[in-house]
Amino acid sequence: MTEPTEPTEPTEPTESTGPTESAGPTESAEPTRPAGLARPQPVGVFPLPAGYLLVPGDDDASAAVRRDLAAGRLPSVWPPRLRALELAHRGEVAAAADLLVGDDPVERYNRFVLRPAGPPVEDPADLRAALGPEVGVLVDAVRFATGALAEPPELTGETDEIAALVHATLAAAAMAGGAPEQAVSHLGRAREAAAPVVPGLAAQLQSAAADLRHGLEGPTDAVLADLTAAGDALAATDLVLAQAELRLSLGSAYQERAREDPESLRPAIEQYLAVLRLVTLDSAPELFAAAQVNLATAYLAIPMTQASDQLRIGVAIGGLRTALTVYTPQTHPQRWASAQLNLANALVYAPSAHRRENLVEAAGRFSQVVAARDPQTDPIGYARALAGQGNALAHLGAVQPAVKALTDAEAAFTQAGSADEARVVRALLDELAQWAAEARST
C-alpha cells in the first residue's frame with residue numbers, strides 16, 4: 001500500500017475554465033459542463049447538503065466564494081445572488097431550497113441536493129446529462145451519500161475535485177463492504193486529486209486515511225504524523241466538526257500508544273481537551289460524549305501521587321456522568337455499558353467524604369450492566385460487570401451478596417477461558433473470606 005505523500009501548505013486553488021485541449025472550433029464543440037460554471041468547485045469540503053452545492057458564476061465574486069469554501073472557510077461576504085448557498089451553509093436548508101426556482105442545470109442540481117425527493121422531482125439521468133460529463137457524476141455521488149443509490153458511481157474521466165469526491169465515495173463504499181485497505185487506497189488517490197485545488201477537502205481525506213490506517217497498523221509514527229499534519233491543516237479552517245473528529249482520533253492513537261509508553265497519555269489528554277473546546281453537548285452530542293469518556297479513562301489511568309490528583313478523578317467522574325446523558329441502553333448499548341463500568345469503578349476508588357453513597361451508586365450501576373449484558377453472547381463483559389458489582393458490595397460490607405457475585409464472576413471467567421481474570425476474582429474471594437473470618441473471631 002502506498003503511503004500518502006507528505007502534506008503541503010494549503011494554497012489558493014487555481015481557476016480553470018475548461019479542458020486544455022479543444023474538441024474543435026468553438027461553435028461545434030460539445031459543452032462539457034453548464035455555461036458559466038467555473039472550476040474548481042468546493043464539493044465535499046463541508047458536510048451534506050451544503051457542501052455538495054455548486055457555486056454558479058465565473059465572475060470575481062463567485063471565484064472568491066469558491067476559493068474560500070475550497071479552503072474550508074466560510075465567506076465573510078456572500079454575493080446577493082448566492083443567497084441560497086449562504087442560507088444552506090447556515091443550516092437553513094428549506095429556505096435555501098425555496099430560493100432555487102430556476103431551470104438551468106446548476107439551479108436544478110442545487111435544488112436536487114437540498115431537496116432530493118422534490119418537488120419538482122428530477123430524473124437523475126436527465127440531470128446528469130444536463131450537467132455534462134465533467135460534473136454530472138455528482139448527481140450519483142449525492143444519491144449514494146443519501147442512500148438513494150445502492151452502488152457508488154465509478155470514475156469515467158473526471159478530474160481534480162470531482163475525481164476526489166468520487167474516490168471518497170468509493171472509499172465509503174469499501175468501508176461499508178469491510179475492505180478498509182481498499183478504502184485507504186481510494187482516500188489516498190482522493191487526496192492527491194484534491195490537494196492542488198481543494199485543500200480543505202484534502203486535509204479531511206488525509207485525516208480519514210490516517211484514522212483507517214490506525215485501525216490497520218496501530219498508532220505508528222507515520223499514522224501520528226499524518227494525523228498531526230491533517231490537524232495543522234484543518235486548524236486554519238472553519239471545519240469545526242472535522243477538527244474535533246481529528247483531535248479525537250489523534251487522542252485515541254496516543255492513548256493506545258500509552259499501553260507501551262505511559263507518557264503518551266499527556267498528549268492524548270491534550271487532544272481530548274481540544275475536542276471539548278471545539279464542540280459542545282448541544283452542537284455535537286456523540287462526539288462530545290466520546291471525548292468525555294476517553295478523557296475520563298485517560299485521567300483514571302494516571303497514578304495518583306499527590307492530593308491534587310483527586311481533582312482529576314472528580315473531573316473524570318463528571319465527564320462520565322455527562323456522557324451517560326447521551327449514551328443510553330437503547331441508543332448506544334455498548335458505549336453505555338462501557339461508560340457505566342468506568343464510572344462505577346471510579347466511584348469505588350474515588351477519595352470522597354461521601355464514600356458510602358459512592359459505593360451504593362457504584363453497586364447499582366454495576367447491577368444495571370449485569371442485567372443488560374448477555375452471558376451467552378458476551379461472557380467476558382458479563383463477568384467483568386459481576387466482578388465489579390461484587391467488589392463494590394464487598395467495600396460496603398455486604399459480604400453475602402458480594403461472595404455470590406464474585407463466585408458467579410469467577411465461574412463465568414473460567415468458562416470463557418479467561419484464567420487470569422478468574423484468578424484475580426479468586427484472590428478477592430479469598431481476601432473476603434479472610435476478612436469475614438477475622439470479623440467473626442473478634
# chains A, B, ... in the order shown; residues from 1 in each chain; ligands from 1
>>> residues_around(residues="range 211-224 of chain A", least_positions_apart="5", cutoff="12 Å", atoms="only C-alpha atoms", output="PDB file with C-alpha atoms, in the first residue's frame")
ATOM      1  CA  MET A   1       0.000   0.000   0.000  1.00  0.00           C
ATOM      2  CA  THR A   2       1.454   3.373  -0.956  1.00  0.00           C
ATOM      3  CA  GLU A   3       1.909   5.789   1.915  1.00  0.00           C
ATOM      4  CA  PRO A   4       0.166   9.149   1.499  1.00  0.00           C
ATOM      5  CA  THR A   5       2.525  11.881   0.331  1.00  0.00           C
ATOM      6  CA  GLU A   6       3.831  14.451   2.741  1.00  0.00           C
ATOM      7  CA  ALA A 171     -13.802   4.696  -0.074  1.00  0.00           C
ATOM      8  CA  ALA A 172     -17.048   4.939   1.889  1.00  0.00           C
ATOM      9  CA  ALA A 174     -15.290  -0.016   0.566  1.00  0.00           C
ATOM     10  CA  MET A 175     -15.547   0.624   4.302  1.00  0.00           C
ATOM     11  CA  GLY A 178     -15.493  -4.439   5.057  1.00  0.00           C
ATOM     12  CA  ALA A 179     -12.495  -3.572   2.857  1.00  0.00           C
ATOM     13  CA  PRO A 180     -10.540  -0.935   4.835  1.00  0.00           C
ATOM     14  CA  GLU A 181      -7.306  -1.399   2.829  1.00  0.00           C
ATOM     15  CA  GLN A 182      -9.206  -0.600  -0.372  1.00  0.00           C
ATOM     16  CA  ALA A 183     -10.759   2.397   1.359  1.00  0.00           C
ATOM     17  CA  VAL A 184      -7.314   3.710   2.334  1.00  0.00           C
ATOM     18  CA  SER A 185      -6.187   3.379  -1.268  1.00  0.00           C
ATOM     19  CA  HIS A 186      -9.175   5.365  -2.558  1.00  0.00           C
ATOM     20  CA  LEU A 187      -8.654   8.028   0.107  1.00  0.00           C
ATOM     21  CA  GLY A 188      -5.020   8.389  -0.905  1.00  0.00           C
ATOM     22  CA  GLN A 204     -10.054  15.801   5.725  1.00  0.00           C
ATOM     23  CA  LEU A 205      -9.114  12.986   3.361  1.00  0.00           C
ATOM     24  CA  GLN A 206      -5.659  12.773   4.929  1.00  0.00           C
ATOM     25  CA  ALA A 229      -0.341  17.221   9.749  1.00  0.00           C
ATOM     26  CA  ALA A 230      -4.038  16.971   8.947  1.00  0.00           C
ATOM     27  CA  GLY A 231      -4.837  18.670  12.250  1.00  0.00           C
ATOM     28  CA  GLU A 245     -13.117  14.436  14.949  1.00  0.00           C
ATOM     29  CA  LEU A 246      -9.445  14.656  14.011  1.00  0.00           C
ATOM     30  CA  ARG A 247      -8.451  15.595  17.588  1.00  0.00           C
ATOM     31  CA  LEU A 248     -10.456  12.667  18.945  1.00  0.00           C
ATOM     32  CA  SER A 249      -8.718  10.288  16.519  1.00  0.00           C
ATOM     33  CA  LEU A 250      -5.292  11.663  17.401  1.00  0.00           C
ATOM     34  CA  GLY A 251      -6.026  11.399  21.106  1.00  0.00           C
ATOM     35  CA  SER A 252      -7.164   7.806  20.675  1.00  0.00           C
ATOM     36  CA  ALA A 253      -3.934   6.966  18.845  1.00  0.00           C
ATOM     37  CA  TYR A 254      -1.820   8.468  21.618  1.00  0.00           C
ATOM     38  CA  GLN A 255      -3.901   6.704  24.270  1.00  0.00           C
ATOM     39  CA  GLU A 256      -3.380   3.365  22.561  1.00  0.00           C
ATOM     40  CA  ARG A 257       0.352   4.045  22.426  1.00  0.00           C
ATOM     41  CA  ALA A 258       0.258   4.717  26.174  1.00  0.00           C
ATOM     42  CA  ARG A 259      -0.062   0.963  26.747  1.00  0.00           C
ATOM     43  CA  GLU A 260       3.658   0.790  25.956  1.00  0.00           C
ATOM     44  CA  ASP A 261       4.610   4.387  26.727  1.00  0.00           C
ATOM     45  CA  SER A 264       1.690   9.272  25.692  1.00  0.00           C
ATOM     46  CA  PRO A 267      -0.732  14.365  24.537  1.00  0.00           C
ATOM     47  CA  ALA A 268      -3.866  12.189  24.454  1.00  0.00           C
TER      48      ALA A 268
END
>>> closest_residue(among="A:Thr156, A:Val142, A:Glu86, A:Ala35", to="Ala130 in chain A", atoms="only C-alpha atoms")
A:Ala35
>>> select_by_dssp(residues="range 129-227 of chain A", states="alpha helix (DSSP H)", output="PyMOL selection string")
chain A and resi 129-131+137-145+160-176+180-194+199-217+221-227
>>> residues_around(residues="range 314-331 of chain A", least_positions_apart="2", cutoff="8 Å", atoms="only C-alpha atoms", output="list in words")
Pro285, Glu286, Phe288, Ala289, Ala290, Gln292, Val293, Leu295, Ala296, Thr297, Tyr299, Leu300, Gln310, Leu311, Arg312, Pro333, Gln334, Arg335, Trp336, Ala337, Ala339, Gln340, Asn342, Leu343, Ala346, Leu347, Ala350 and Ala372 of chain A
>>> closest_atom_pairs(of="range 177-232 of chain A", to="range 64-72 of chain A", cutoff="9 Å", atoms="only C-alpha atoms", output="Markdown table")
| residue | atom | partner | partner_atom | distance |
| --- | --- | --- | --- | --- |
| A:Val197 | CA | A:Ala70 | CA | 7.4 |
| A:Val198 | CA | A:Ala70 | CA | 4.7 |
| A:Pro199 | CA | A:Ala71 | CA | 5.3 |
| A:Gly200 | CA | A:Ala71 | CA | 4.5 |
| A:Leu201 | CA | A:Ala70 | CA | 7.3 |
>>> residues_around(residues="Asp408 in chain A", least_positions_apart="6", cutoff="9 Å", atoms="only C-alpha atoms", output="number ranges by chain")
A: 383, 386-387
>>> write_last_selection(atoms="C-alpha atoms", output="CSV table (one decimal), in the first residue's frame")
chain,number,residue,atom,x,y,z
A,383,ALA,CA,-18.2,-11.5,34.2
A,386,LEU,CA,-20.3,-9.1,38.1
A,387,ALA,CA,-16.8,-8.8,39.4
>>> residues_around(residues="Val399 in chain A", least_positions_apart="3", cutoff="8 Å", atoms="only C-alpha atoms", output="list in words")
Leu393, Ala394, Ala402, Val403, Leu432 and Ala436 of chain A
>>> closest_residue(among="A:Asp430, A:Glu151, A:Asp309, A:Glu161", to="Val135 in chain A", atoms="only C-alpha atoms")
A:Glu161
